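Structure data follow from final25.txt (compact mmCIF, C-alpha atoms):
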# COMPACT_ATOMS: atom_id res chain seq x y z
CA MET A 1 -161.83 -113.86 -67.10
CA MET A 2 -158.92 -111.88 -65.78
CA GLN A 3 -158.88 -109.80 -62.64
CA ARG A 4 -156.27 -107.69 -60.99
CA LYS A 5 -155.98 -108.45 -57.34
CA TRP A 6 -154.53 -106.62 -54.37
CA PRO A 7 -154.33 -109.06 -51.44
CA MET A 8 -153.82 -106.52 -48.69
CA GLU A 9 -155.02 -105.36 -45.35
CA LEU A 10 -157.48 -102.49 -45.77
CA ALA A 11 -158.08 -101.65 -42.15
CA ARG A 12 -157.42 -98.01 -42.71
CA GLY A 13 -160.99 -97.96 -43.92
CA VAL A 14 -160.95 -95.26 -46.56
CA ALA A 15 -158.58 -92.35 -46.16
CA ILE A 16 -160.05 -89.08 -47.31
CA GLY A 17 -157.39 -87.98 -49.75
CA ALA A 18 -155.38 -91.19 -49.73
CA THR A 19 -156.23 -94.83 -49.62
CA ILE A 20 -154.55 -98.19 -49.98
CA THR A 21 -152.64 -98.60 -53.22
CA ALA A 22 -150.45 -101.09 -55.02
CA ALA A 23 -147.44 -98.82 -54.54
CA ALA A 24 -145.86 -101.20 -52.05
CA GLY A 25 -145.49 -103.94 -54.60
CA LEU A 26 -148.57 -105.96 -53.65
CA LEU A 27 -150.02 -105.94 -57.14
CA ALA A 28 -150.78 -109.42 -58.43
CA THR A 29 -152.58 -110.77 -61.48
CA GLY A 30 -155.55 -113.06 -61.06
CA ALA A 31 -155.48 -116.48 -62.65
CA GLY A 32 -156.96 -117.05 -66.06
CA LYS A 33 -156.70 -115.04 -69.25
CA GLN A 34 -160.00 -115.58 -70.97
CA SER A 35 -161.32 -112.80 -73.15
CA TRP A 36 -163.33 -110.03 -71.54
CA ALA A 37 -164.85 -109.10 -74.86
CA GLY A 38 -168.29 -110.32 -73.86
CA LEU A 39 -168.32 -108.52 -70.53
CA LYS A 40 -168.90 -105.08 -71.96
CA GLU A 41 -172.01 -106.40 -73.72
CA SER A 42 -173.12 -108.42 -70.70
CA PRO A 43 -173.68 -106.57 -67.43
CA LYS A 44 -175.18 -109.82 -66.16
CA GLN A 45 -171.76 -111.43 -66.55
CA MET A 46 -170.29 -108.78 -64.25
CA VAL A 47 -172.92 -109.54 -61.61
CA ASP A 48 -172.04 -113.21 -61.81
CA GLU A 49 -168.31 -112.48 -61.63
CA VAL A 50 -168.74 -110.60 -58.36
CA TRP A 51 -170.97 -113.39 -57.04
CA GLN A 52 -168.23 -115.92 -57.87
CA ILE A 53 -165.58 -113.88 -56.03
CA ILE A 54 -167.74 -113.85 -52.91
CA TYR A 55 -168.57 -117.53 -53.25
CA ARG A 56 -164.90 -118.51 -53.43
CA ASP A 57 -163.30 -116.16 -50.93
CA TYR A 58 -165.68 -114.55 -48.42
CA VAL A 59 -164.63 -115.16 -44.82
CA ASP A 60 -168.06 -116.25 -43.53
CA ALA A 61 -169.02 -119.65 -44.95
CA SER A 62 -172.65 -118.99 -43.97
CA PHE A 63 -172.65 -115.74 -45.99
CA ASN A 64 -174.38 -114.04 -43.05
CA LYS A 65 -176.89 -116.92 -42.95
CA THR A 66 -177.87 -116.22 -46.53
CA ASP A 67 -178.40 -118.90 -49.18
CA TRP A 68 -175.75 -117.54 -51.55
CA ARG A 69 -176.64 -119.93 -54.37
CA GLN A 70 -180.23 -118.76 -54.22
CA VAL A 71 -178.94 -115.17 -54.37
CA ARG A 72 -177.18 -116.03 -57.64
CA GLN A 73 -180.37 -117.39 -59.16
CA GLN A 74 -182.27 -114.32 -58.01
CA TYR A 75 -179.88 -111.83 -59.61
CA LEU A 76 -179.11 -113.76 -62.78
CA SER A 77 -182.80 -114.12 -63.51
CA ARG A 78 -182.96 -110.36 -64.04
CA GLU A 79 -182.23 -108.50 -67.25
CA TYR A 80 -179.78 -105.59 -67.15
CA SER A 81 -179.83 -102.94 -69.84
CA SER A 82 -176.74 -101.06 -68.61
CA LYS A 83 -173.69 -101.35 -66.39
CA GLU A 84 -175.31 -98.90 -63.97
CA GLU A 85 -178.17 -101.36 -63.42
CA ALA A 86 -175.62 -104.11 -62.83
CA TYR A 87 -173.75 -101.91 -60.36
CA LYS A 88 -176.96 -101.32 -58.40
CA ALA A 89 -177.73 -105.03 -58.35
CA ILE A 90 -174.22 -105.89 -57.16
CA ARG A 91 -174.49 -103.44 -54.28
CA GLU A 92 -177.88 -104.91 -53.30
CA MET A 93 -176.39 -108.38 -53.42
CA LEU A 94 -173.41 -107.46 -51.23
CA GLU A 95 -175.64 -105.76 -48.65
CA LYS A 96 -176.98 -109.22 -47.78
CA LEU A 97 -173.58 -110.05 -46.26
CA GLY A 98 -173.95 -107.35 -43.60
CA ASP A 99 -170.27 -106.44 -43.96
CA PRO A 100 -169.46 -102.78 -44.67
CA TYR A 101 -165.91 -103.69 -45.66
CA THR A 102 -167.05 -105.96 -48.51
CA ARG A 103 -168.18 -103.48 -51.09
CA PHE A 104 -168.42 -102.73 -54.80
CA MET A 105 -166.82 -99.62 -56.31
CA ASP A 106 -167.68 -98.12 -59.67
CA PRO A 107 -164.69 -96.96 -61.78
CA ARG A 108 -164.58 -93.49 -60.22
CA GLN A 109 -164.76 -94.86 -56.68
CA PHE A 110 -162.16 -97.50 -57.46
CA ALA A 111 -159.84 -94.83 -58.84
CA ASN A 112 -160.14 -93.03 -55.48
CA LEU A 113 -159.11 -96.24 -53.72
CA ARG A 114 -155.90 -96.42 -55.70
CA VAL A 115 -154.55 -93.01 -54.70
CA ASP A 116 -150.93 -93.41 -53.65
CA THR A 117 -150.18 -93.64 -49.90
CA SER A 118 -146.42 -93.54 -50.23
CA GLY A 119 -145.85 -89.82 -50.04
CA GLU A 120 -148.41 -87.17 -50.94
CA LEU A 121 -152.20 -87.01 -50.88
CA THR A 122 -154.89 -84.48 -51.59
CA GLY A 123 -157.79 -84.02 -49.20
CA VAL A 124 -158.63 -83.00 -45.65
CA GLY A 125 -156.56 -85.64 -43.87
CA MET A 126 -158.66 -88.18 -42.03
CA GLN A 127 -159.57 -91.85 -42.28
CA LEU A 128 -163.15 -93.08 -42.38
CA ALA A 129 -164.78 -96.38 -41.57
CA GLN A 130 -168.35 -97.59 -41.52
CA GLU A 131 -169.51 -99.17 -38.28
CA GLU A 132 -170.58 -102.76 -38.81
CA LYS A 133 -173.58 -102.64 -36.48
CA THR A 134 -174.96 -99.18 -37.27
CA ASP A 135 -173.53 -98.38 -40.74
CA ARG A 136 -172.68 -94.91 -39.40
CA LEU A 137 -169.65 -93.14 -40.81
CA VAL A 138 -167.00 -92.77 -38.13
CA VAL A 139 -163.60 -91.09 -38.13
CA ILE A 140 -160.86 -93.61 -37.40
CA ALA A 141 -158.29 -90.85 -36.94
CA PRO A 142 -157.25 -87.47 -38.32
CA ILE A 143 -153.77 -87.28 -39.82
CA GLU A 144 -151.42 -84.97 -37.94
CA ASP A 145 -150.96 -81.44 -39.29
CA THR A 146 -153.79 -81.66 -41.83
CA PRO A 147 -156.98 -79.59 -42.21
CA ALA A 148 -159.00 -82.15 -40.25
CA ALA A 149 -156.53 -82.31 -37.37
CA ARG A 150 -155.99 -78.56 -37.20
CA ALA A 151 -159.75 -77.96 -37.14
CA GLY A 152 -160.14 -80.28 -34.16
CA ILE A 153 -161.78 -83.37 -35.66
CA LEU A 154 -161.12 -86.37 -33.40
CA ALA A 155 -161.05 -90.15 -33.61
CA GLN A 156 -164.50 -91.66 -32.98
CA ASP A 157 -166.33 -88.57 -34.31
CA TYR A 158 -169.41 -89.45 -36.37
CA ILE A 159 -170.05 -87.66 -39.67
CA VAL A 160 -173.70 -86.61 -39.78
CA SER A 161 -173.72 -84.69 -43.06
CA ILE A 162 -171.42 -83.62 -45.90
CA ASP A 163 -172.14 -80.29 -47.58
CA GLY A 164 -175.68 -80.48 -46.22
CA LYS A 165 -176.32 -84.03 -47.41
CA SER A 166 -177.24 -86.50 -44.65
CA THR A 167 -174.93 -89.51 -44.33
CA LYS A 168 -177.71 -91.75 -43.04
CA GLY A 169 -177.60 -94.88 -45.18
CA MET A 170 -174.72 -93.43 -47.22
CA ASP A 171 -172.16 -95.82 -48.64
CA ILE A 172 -168.59 -95.08 -47.60
CA ASN A 173 -167.55 -94.72 -51.24
CA GLU A 174 -170.12 -91.97 -51.75
CA ALA A 175 -168.87 -90.21 -48.63
CA VAL A 176 -165.30 -90.33 -49.95
CA SER A 177 -166.39 -88.90 -53.28
CA LEU A 178 -168.22 -86.03 -51.58
CA ILE A 179 -165.36 -85.14 -49.23
CA ARG A 180 -162.55 -85.39 -51.76
CA GLY A 181 -161.96 -82.53 -54.16
CA ARG A 182 -159.51 -80.06 -55.62
CA PRO A 183 -156.99 -78.34 -53.33
CA GLY A 184 -158.26 -74.96 -52.21
CA THR A 185 -161.93 -75.92 -52.31
CA THR A 186 -163.91 -76.42 -49.10
CA VAL A 187 -166.19 -79.07 -47.68
CA GLN A 188 -168.63 -78.65 -44.80
CA LEU A 189 -168.96 -81.49 -42.30
CA VAL A 190 -171.42 -81.82 -39.45
CA ILE A 191 -169.92 -83.97 -36.72
CA GLU A 192 -171.60 -85.71 -33.80
CA ARG A 193 -169.39 -86.10 -30.73
CA GLY A 194 -171.21 -87.51 -27.73
CA LYS A 195 -174.13 -85.16 -27.18
CA GLN A 196 -172.53 -82.35 -29.20
CA THR A 197 -173.20 -81.46 -32.83
CA LEU A 198 -170.31 -79.55 -34.39
CA ASP A 199 -169.86 -77.78 -37.76
CA PHE A 200 -166.54 -77.83 -39.61
CA ASN A 201 -165.59 -76.02 -42.80
CA LEU A 202 -162.42 -77.66 -44.10
CA LYS A 203 -160.24 -76.47 -46.96
CA ARG A 204 -158.80 -79.30 -49.02
CA GLU A 205 -155.05 -79.26 -49.61
CA ARG A 206 -152.10 -81.33 -50.72
CA ILE A 207 -150.64 -83.16 -47.77
CA GLU A 208 -147.19 -84.67 -47.40
CA LEU A 209 -147.14 -87.79 -45.29
CA HIS A 210 -144.18 -88.54 -43.06
CA ALA A 211 -145.12 -91.83 -41.48
CA VAL A 212 -142.26 -92.03 -38.97
CA ARG A 213 -140.31 -89.55 -36.88
CA GLN A 214 -137.95 -90.07 -33.98
CA GLU A 215 -136.35 -88.02 -31.21
CA VAL A 216 -134.18 -88.53 -28.17
CA ARG A 217 -135.89 -87.44 -24.93
CA GLU A 218 -134.24 -86.83 -21.58
CA THR A 219 -135.93 -88.62 -18.64
CA PRO A 220 -135.01 -89.34 -14.98
CA THR A 221 -133.29 -92.56 -16.10
CA GLY A 222 -131.44 -91.07 -19.05
CA LYS A 223 -132.08 -90.87 -22.79
CA VAL A 224 -135.28 -92.40 -24.19
CA GLY A 225 -136.05 -93.00 -27.84
CA TYR A 226 -139.43 -91.64 -28.93
CA ILE A 227 -140.80 -92.98 -32.23
CA ARG A 228 -144.07 -91.65 -33.64
CA MET A 229 -145.81 -93.62 -36.41
CA THR A 230 -148.82 -92.17 -38.21
CA GLN A 231 -149.43 -94.96 -40.73
CA PHE A 232 -148.07 -98.27 -42.04
CA ASN A 233 -147.24 -97.44 -45.64
CA GLY A 234 -144.72 -99.05 -47.96
CA ASN A 235 -141.81 -97.12 -46.43
CA ALA A 236 -142.75 -97.43 -42.76
CA SER A 237 -140.74 -100.54 -41.88
CA GLN A 238 -137.52 -99.18 -43.37
CA ASP A 239 -138.10 -95.82 -41.67
CA VAL A 240 -138.61 -97.51 -38.28
CA ARG A 241 -135.51 -99.63 -38.83
CA GLU A 242 -133.44 -96.51 -39.48
CA ALA A 243 -135.01 -94.75 -36.48
CA ILE A 244 -134.08 -97.58 -34.11
CA ARG A 245 -130.52 -97.73 -35.42
CA LYS A 246 -130.06 -93.99 -35.01
CA LEU A 247 -131.50 -94.04 -31.48
CA GLU A 248 -129.39 -97.06 -30.48
CA ALA A 249 -126.30 -95.20 -31.65
CA GLN A 250 -127.23 -92.35 -29.31
CA GLY A 251 -127.35 -94.66 -26.30
CA VAL A 252 -131.05 -94.65 -25.40
CA THR A 253 -132.12 -96.76 -22.42
CA GLY A 254 -135.61 -97.57 -23.68
CA TYR A 255 -138.32 -96.69 -26.19
CA ILE A 256 -141.77 -95.16 -26.46
CA LEU A 257 -143.54 -96.16 -29.67
CA ASP A 258 -146.52 -93.88 -30.30
CA LEU A 259 -149.27 -95.52 -32.37
CA ARG A 260 -152.11 -93.21 -31.35
CA SER A 261 -154.40 -92.13 -34.19
CA ASN A 262 -152.54 -94.52 -36.49
CA PRO A 263 -155.25 -96.13 -38.63
CA GLY A 264 -153.02 -98.89 -39.98
CA GLY A 265 -152.06 -99.78 -43.53
CA LEU A 266 -150.09 -102.70 -44.89
CA LEU A 267 -150.01 -106.03 -43.08
CA GLN A 268 -146.42 -106.84 -44.04
CA SER A 269 -145.25 -103.53 -42.63
CA SER A 270 -146.66 -104.36 -39.18
CA ILE A 271 -145.05 -107.82 -39.29
CA ASP A 272 -141.65 -106.43 -40.29
CA ILE A 273 -141.74 -103.86 -37.50
CA ALA A 274 -142.78 -106.43 -34.88
CA ARG A 275 -139.72 -108.49 -35.82
CA MET A 276 -137.49 -105.53 -35.02
CA TRP A 277 -138.51 -105.79 -31.36
CA MET A 278 -139.15 -109.52 -30.89
CA ASP A 279 -136.65 -112.36 -30.54
CA LYS A 280 -139.19 -115.15 -30.86
CA GLY A 281 -142.91 -115.85 -30.79
CA THR A 282 -146.02 -115.51 -32.94
CA ILE A 283 -146.86 -112.06 -34.30
CA VAL A 284 -150.31 -112.65 -35.79
CA SER A 285 -152.35 -115.32 -37.51
CA THR A 286 -154.94 -114.99 -40.23
CA VAL A 287 -158.03 -117.19 -40.16
CA THR A 288 -160.20 -117.84 -43.20
CA ARG A 289 -163.52 -119.65 -43.32
CA VAL A 290 -161.68 -122.99 -43.46
CA GLY A 291 -159.38 -122.29 -40.51
CA GLU A 292 -155.95 -120.79 -39.92
CA ALA A 293 -154.41 -119.66 -43.20
CA GLU A 294 -151.09 -118.19 -42.11
CA ARG A 295 -149.11 -117.68 -38.93
CA TYR A 296 -146.38 -115.07 -38.84
CA GLU A 297 -143.45 -115.56 -36.46
CA ALA A 298 -140.54 -113.47 -35.23
CA SER A 299 -137.32 -114.07 -37.16
CA ARG A 300 -134.91 -114.10 -34.16
CA ARG A 301 -133.17 -110.98 -35.43
CA PRO A 302 -134.45 -108.10 -33.27
CA LEU A 303 -132.74 -104.74 -33.49
CA THR A 304 -132.99 -104.04 -29.76
CA ASP A 305 -133.99 -105.70 -26.49
CA ARG A 306 -134.38 -102.48 -24.52
CA PRO A 307 -137.64 -101.83 -22.59
CA LEU A 308 -140.54 -100.66 -24.73
CA VAL A 309 -143.80 -98.82 -24.02
CA ILE A 310 -146.45 -98.44 -26.74
CA LEU A 311 -149.04 -95.66 -26.75
CA VAL A 312 -152.46 -96.58 -28.22
CA ASP A 313 -155.94 -95.06 -28.36
CA GLY A 314 -159.28 -95.38 -30.12
CA GLY A 315 -157.69 -94.19 -33.36
CA SER A 316 -155.14 -97.03 -33.38
CA ALA A 317 -156.52 -99.52 -35.87
CA SER A 318 -155.64 -102.59 -37.89
CA ALA A 319 -151.87 -102.78 -38.46
CA SER A 320 -151.42 -100.73 -35.27
CA GLU A 321 -153.48 -103.31 -33.40
CA ILE A 322 -151.55 -106.18 -34.92
CA LEU A 323 -148.24 -104.69 -33.81
CA ALA A 324 -149.46 -103.67 -30.35
CA GLY A 325 -151.21 -107.01 -29.78
CA ALA A 326 -148.15 -109.00 -30.81
CA LEU A 327 -145.79 -107.13 -28.50
CA GLN A 328 -148.26 -107.15 -25.62
CA ASP A 329 -149.09 -110.86 -25.86
CA ASN A 330 -145.41 -111.75 -26.05
CA ARG A 331 -144.72 -109.54 -23.01
CA ARG A 332 -142.30 -107.51 -25.06
CA ALA A 333 -144.04 -104.18 -24.48
CA THR A 334 -146.32 -102.44 -22.02
CA LEU A 335 -149.31 -100.68 -23.59
CA VAL A 336 -150.47 -97.31 -22.26
CA GLY A 337 -153.55 -95.32 -23.30
CA THR A 338 -157.08 -96.44 -24.18
CA LYS A 339 -158.70 -99.35 -26.01
CA THR A 340 -157.94 -99.50 -29.72
CA PHE A 341 -160.40 -99.17 -32.59
CA GLY A 342 -161.07 -102.88 -33.19
CA LYS A 343 -160.64 -103.46 -36.92
CA GLY A 344 -159.01 -106.79 -37.70
CA LEU A 345 -160.26 -107.96 -41.07
CA VAL A 346 -158.32 -108.80 -44.24
CA GLN A 347 -159.63 -107.52 -47.56
CA SER A 348 -158.66 -108.64 -51.03
CA VAL A 349 -159.26 -105.94 -53.63
CA ARG A 350 -160.20 -107.09 -57.14
CA GLU A 351 -160.22 -104.83 -60.17
CA LEU A 352 -162.73 -105.70 -62.88
CA GLN A 353 -162.14 -105.05 -66.56
CA ASP A 354 -164.28 -101.92 -66.83
CA GLY A 355 -162.29 -100.21 -64.08
CA SER A 356 -164.72 -101.00 -61.30
CA GLY A 357 -163.67 -103.13 -58.35
CA VAL A 358 -164.76 -105.11 -55.34
CA ALA A 359 -163.17 -105.35 -51.89
CA VAL A 360 -163.87 -108.70 -50.22
CA THR A 361 -163.28 -109.65 -46.60
CA ILE A 362 -161.35 -112.90 -46.87
CA ALA A 363 -159.94 -113.44 -43.36
CA LYS A 364 -159.67 -112.06 -39.85
CA TYR A 365 -156.69 -111.46 -37.58
CA LEU A 366 -156.00 -113.11 -34.25
CA THR A 367 -153.36 -111.95 -31.79
CA PRO A 368 -150.83 -114.53 -30.51
CA SER A 369 -153.12 -115.32 -27.56
CA GLY A 370 -156.08 -115.87 -29.90
CA LYS A 371 -157.94 -112.58 -29.40
CA ASP A 372 -160.18 -111.52 -32.27
CA ILE A 373 -159.01 -107.96 -32.95
CA ASN A 374 -162.12 -107.09 -34.92
CA LYS A 375 -164.46 -107.84 -32.03
CA GLU A 376 -162.35 -106.87 -29.05
CA GLY A 377 -159.72 -104.32 -29.99
CA ILE A 378 -156.61 -104.19 -27.82
CA VAL A 379 -156.96 -103.20 -24.15
CA PRO A 380 -153.88 -101.40 -22.77
CA ASP A 381 -152.01 -102.58 -19.66
CA VAL A 382 -152.15 -99.07 -18.21
CA GLU A 383 -155.30 -97.14 -19.05
CA ILE A 384 -155.31 -93.37 -19.07
CA THR A 385 -158.21 -91.57 -20.73
CA LEU A 386 -158.19 -88.07 -22.18
CA THR A 387 -161.24 -85.84 -22.36
CA ASP A 388 -162.32 -84.57 -25.76
CA GLU A 389 -161.10 -81.14 -24.71
CA GLN A 390 -157.66 -82.51 -23.82
CA ARG A 391 -157.36 -84.40 -27.08
CA GLU A 392 -158.43 -81.40 -29.14
CA LYS A 393 -155.99 -79.09 -27.33
CA ILE A 394 -153.07 -81.50 -27.72
CA ILE A 395 -153.71 -81.79 -31.47
CA LYS A 396 -154.18 -78.06 -32.00
CA ASP A 397 -151.12 -77.18 -29.90
CA ARG A 398 -149.06 -79.86 -31.66
CA ALA A 399 -148.27 -81.21 -28.21
CA ILE A 400 -148.51 -84.91 -29.07
CA GLY A 401 -145.62 -86.72 -27.42
CA THR A 402 -144.63 -83.86 -25.12
CA PRO A 403 -144.86 -83.41 -21.32
CA ALA A 404 -148.14 -81.52 -21.94
CA ASP A 405 -149.59 -84.78 -23.26
CA PRO A 406 -150.90 -86.78 -20.21
CA GLN A 407 -150.72 -90.15 -21.96
CA TYR A 408 -147.15 -89.55 -23.05
CA ALA A 409 -146.23 -88.38 -19.55
CA ARG A 410 -147.67 -91.60 -18.11
CA ALA A 411 -145.73 -93.62 -20.67
CA VAL A 412 -142.53 -91.96 -19.52
CA ASP A 413 -143.31 -92.96 -15.92
CA VAL A 414 -144.00 -96.56 -16.95
CA LEU A 415 -140.84 -96.74 -19.05
CA THR A 416 -138.78 -95.27 -16.20
CA ASP A 417 -139.90 -98.12 -13.94
CA LEU A 418 -139.14 -100.69 -16.65
CA VAL A 419 -135.66 -99.27 -17.26
CA ARG A 420 -134.86 -99.34 -13.53
CA LYS A 421 -136.08 -102.93 -13.20
CA ASN A 422 -134.08 -103.91 -16.26
CA SER A 423 -130.95 -102.24 -14.87
CA ASN A 424 -131.39 -104.00 -11.51
CA ALA A 425 -131.82 -107.35 -13.24
CA VAL A 426 -128.65 -106.80 -15.27
CA ARG A 427 -126.67 -105.88 -12.13
CA GLN A 428 -127.95 -108.92 -10.25
CA GLY A 429 -127.06 -111.15 -13.17
CA SER A 430 -123.56 -109.71 -13.27
CA ALA A 431 -123.13 -110.22 -9.52
CA ARG A 432 -123.84 -113.89 -9.88
Please lay out the structure from this file as structure tokens.
Amino acid sequence: MMQRKWPMELARGVAIGATITAAAGLLATGAGKQSWAGLKESPKQMVDEVWQIIYRDYVDASFNKTDWRQVRQQYLSREYSSKEEAYKAIREMLEKLGDPYTRFMDPRQFANLRVDTSGELTGVGMQLAQEEKTDRLVVIAPIEDTPAARAGILAQDYIVSIDGKSTKGMDINEAVSLIRGRPGTTVQLVIERGKQTLDFNLKRERIELHAVRQEVRETPTGKVGYIRMTQFNGNASQDVREAIRKLEAQGVTGYILDLRSNPGGLLQSSIDIARMWMDKGTIVSTVTRVGEAERYEASRRPLTDRPLVILVDGGSASASEILAGALQDNRRATLVGTKTFGKGLVQSVRELQDGSGVAVTIAKYLTPSGKDINKEGIVPDVEITLTDEQREKIIKDRAIGTPADPQYARAVDVLTDLVRKNSNAVRQGSAR
């Protein structure tokens, strides 16, 4: 049987309006070219195909302490009169793994997953995940200047209902289908934030994504390069490269890299960007059920060695955590903000012949020091917490990365100290 496979990092969860795609050239073809002719007549064969994918690739060799061979016997002993019955059985089977990121998608849901992330999306502009322990739907981060962000939805908000339908026990794919829709139409969300319950009526729209922007900022120690990244798409690494080159040409003394509310994206993008700052050292390693699979190292060709401060928060996930963890562990950057989201799993996405698909967790990420991102997140070196009111005001006022933004202001102070220490060290070295 033939599958189409996207071996990629899906830590963005599911973006409402845009999700991970093959646009960055990660499309690969699975091995084997046997005929699929029998599959359409055999829903049972589809159930077995998904079982085989899990059996070969799933990250947990214990399958969540489930006898996976017994599961196969259980589900292949049934008779299935339609694909819909097979779909239901597959979802039941995958629930035994206790992993919300390993999931089956029917053709419509899989089509949503393949929406292009490289430029434009349609939706309300936020990324969703499903908490592993509670299965609750949580907002990873709103995308800047989108309906969700302008309305005041924040990272770590829980979605209680969608258009009056409770999300309790709801699969993330169903939530995506309910929230997505035609531009100009509206969707009602009930959000739980701490002890508050909030209602939002959001109008869907077409959204242009600009993953990277840069500016020169004046500080007490001179010009500073400010780079804001909102996602790690197929163009992000080239955009950051160009940003650094432009800022270097303007004579900046240091950098602030803002990864707040950046839900991640492509693994290779985070690795490429880490290499722009690092001379040597490990960036990240991936660990499968049989041990370390790959270790990514710096390439000894950094674009700059100037002091660097990285801003992170609870909406910084996945690729953001890989980049921040690599630069922190290698003492290349100082992190300012709050603890990151904590999503460090690798998914491989397989397309089945009928247009359905399955996302399988195949590995986890470890930072250079061996921290499990998925369990721990990344703790900043300098912690500064914003209240919900402060975060909402900063987003609504479009004040992210300005002096009115307390976390940014603290980052400037930290970078100022680093630049002064760096200048003193250079002078002392010259004196010798």
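Using only C-alpha atoms, the nearest neighbour of Leu137 (chain A) within the list A:Thr387, A:Ser423, A:Asn173, A:Thr122 is A:Asn173.
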Give me the residues of region 66-137 of chain A that have any atom at most 12 Å from an atom of region 301-317 of chain A; for each, the nearest atom pair and the distance in Å, rounded to one decimal. Use all atoms listed in the file, sort by chain and number, and format it as a Markdown table.
| residue | atom | partner | partner_atom | distance |
| --- | --- | --- | --- | --- |
| A:Met126 | CA | A:Gly315 | CA | 10.6 |
| A:Gln127 | CA | A:Gly315 | CA | 9.4 |
| A:Leu128 | CA | A:Gly315 | CA | 10.6 |
| A:Ala129 | CA | A:Ala317 | CA | 10.5 |
Find the residues near region 182-199 of chain A: any atom within 10 Å, counting all atoms listed in the file, skip ones fewer than 2 places away on the same chain, and give them as a compact mmCIF listing (two decimals) with C-alpha atoms, keeping the file's coordinate frame.
# COMPACT_ATOMS: atom_id res chain seq x y z
CA THR A 122 -154.89 -84.48 -51.59
CA GLY A 123 -157.79 -84.02 -49.20
CA VAL A 124 -158.63 -83.00 -45.65
CA VAL A 138 -167.00 -92.77 -38.13
CA VAL A 139 -163.60 -91.09 -38.13
CA ILE A 153 -161.78 -83.37 -35.66
CA LEU A 154 -161.12 -86.37 -33.40
CA ALA A 155 -161.05 -90.15 -33.61
CA GLN A 156 -164.50 -91.66 -32.98
CA ASP A 157 -166.33 -88.57 -34.31
CA TYR A 158 -169.41 -89.45 -36.37
CA ILE A 159 -170.05 -87.66 -39.67
CA VAL A 160 -173.70 -86.61 -39.78
CA SER A 161 -173.72 -84.69 -43.06
CA ILE A 162 -171.42 -83.62 -45.90
CA ASP A 163 -172.14 -80.29 -47.58
CA GLY A 164 -175.68 -80.48 -46.22
CA LYS A 165 -176.32 -84.03 -47.41
CA SER A 166 -177.24 -86.50 -44.65
CA THR A 167 -174.93 -89.51 -44.33
CA LEU A 178 -168.22 -86.03 -51.58
CA ILE A 179 -165.36 -85.14 -49.23
CA ARG A 180 -162.55 -85.39 -51.76
CA ASN A 201 -165.59 -76.02 -42.80
CA LEU A 202 -162.42 -77.66 -44.10
CA LYS A 203 -160.24 -76.47 -46.96
CA ARG A 204 -158.80 -79.30 -49.02
CA GLU A 205 -155.05 -79.26 -49.61
CA ARG A 206 -152.10 -81.33 -50.72
CA ILE A 207 -150.64 -83.16 -47.77
CA ASP A 388 -162.32 -84.57 -25.76
*Nearest-residue call for Arg295 (chain A), choices A:Pro403, A:Gly169, A:Gly355, A:Gly370, using all atoms listed in the file*: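 Of the candidates, the smallest distance to Arg295 (chain A) is held by A:Gly370.
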_Nearest residue to Val252 (chain A) from the set A:Gly181, A:Gly264, A:Gly222, A:Pro380 (distances using all atoms listed in the file)_ = A:Gly222
_Taking all atoms listed in the file into account, name the residue in A:Gly357, A:Tyr87, A:Thr402, A:Asp417 that is nearest to Glu215 (chain A)._
A:Thr402
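Relative to CA of Asp135 (chain A), CA of Met170 (chain A) is found at 8.2 Å.
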*Contacts of Thr66 (chain A) at 12 Å (all atoms listed in the file; same-chain gap of 3+ positions) as a ChimeraX atom specification*: /A:55,60-63,69-72,93-98
*Two-atom distance - CA of Ala404 (chain A), CA of Val379 (chain A) (Å)*: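 One can read the CA of Ala404 (chain A) to CA of Val379 (chain A) distance as 23.5 Å.
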Skip Gly344 (chain A) itself and residues of its chain fewer than 6 positions away, then list as a CSV table (one decimal) with C-alpha atoms, keeping the file's coordinate frame all residues within 12 Å of it, counting all atoms listed in the file.
chain,number,residue,atom,x,y,z
A,9,GLU,CA,-155.0,-105.4,-45.4
A,10,LEU,CA,-157.5,-102.5,-45.8
A,11,ALA,CA,-158.1,-101.6,-42.2
A,12,ARG,CA,-157.4,-98.0,-42.7
A,13,GLY,CA,-161.0,-98.0,-43.9
A,101,TYR,CA,-165.9,-103.7,-45.7
A,263,PRO,CA,-155.2,-96.1,-38.6
A,264,GLY,CA,-153.0,-98.9,-40.0
A,265,GLY,CA,-152.1,-99.8,-43.5
A,267,LEU,CA,-150.0,-106.0,-43.1
A,284,VAL,CA,-150.3,-112.6,-35.8
A,285,SER,CA,-152.4,-115.3,-37.5
A,286,THR,CA,-154.9,-115.0,-40.2
A,287,VAL,CA,-158.0,-117.2,-40.2
A,316,SER,CA,-155.1,-97.0,-33.4
A,317,ALA,CA,-156.5,-99.5,-35.9
A,318,SER,CA,-155.6,-102.6,-37.9
A,319,ALA,CA,-151.9,-102.8,-38.5
A,320,SER,CA,-151.4,-100.7,-35.3
A,321,GLU,CA,-153.5,-103.3,-33.4
A,322,ILE,CA,-151.6,-106.2,-34.9
A,323,LEU,CA,-148.2,-104.7,-33.8
A,325,GLY,CA,-151.2,-107.0,-29.8
A,361,THR,CA,-163.3,-109.6,-46.6
A,362,ILE,CA,-161.4,-112.9,-46.9
A,363,ALA,CA,-159.9,-113.4,-43.4
A,364,LYS,CA,-159.7,-112.1,-39.8
A,365,TYR,CA,-156.7,-111.5,-37.6
A,366,LEU,CA,-156.0,-113.1,-34.2
A,367,THR,CA,-153.4,-112.0,-31.8
A,371,LYS,CA,-157.9,-112.6,-29.4
A,372,ASP,CA,-160.2,-111.5,-32.3
A,373,ILE,CA,-159.0,-108.0,-33.0
A,374,ASN,CA,-162.1,-107.1,-34.9
A,375,LYS,CA,-164.5,-107.8,-32.0
A,376,GLU,CA,-162.4,-106.9,-29.0
A,377,GLY,CA,-159.7,-104.3,-30.0
A,378,ILE,CA,-156.6,-104.2,-27.8
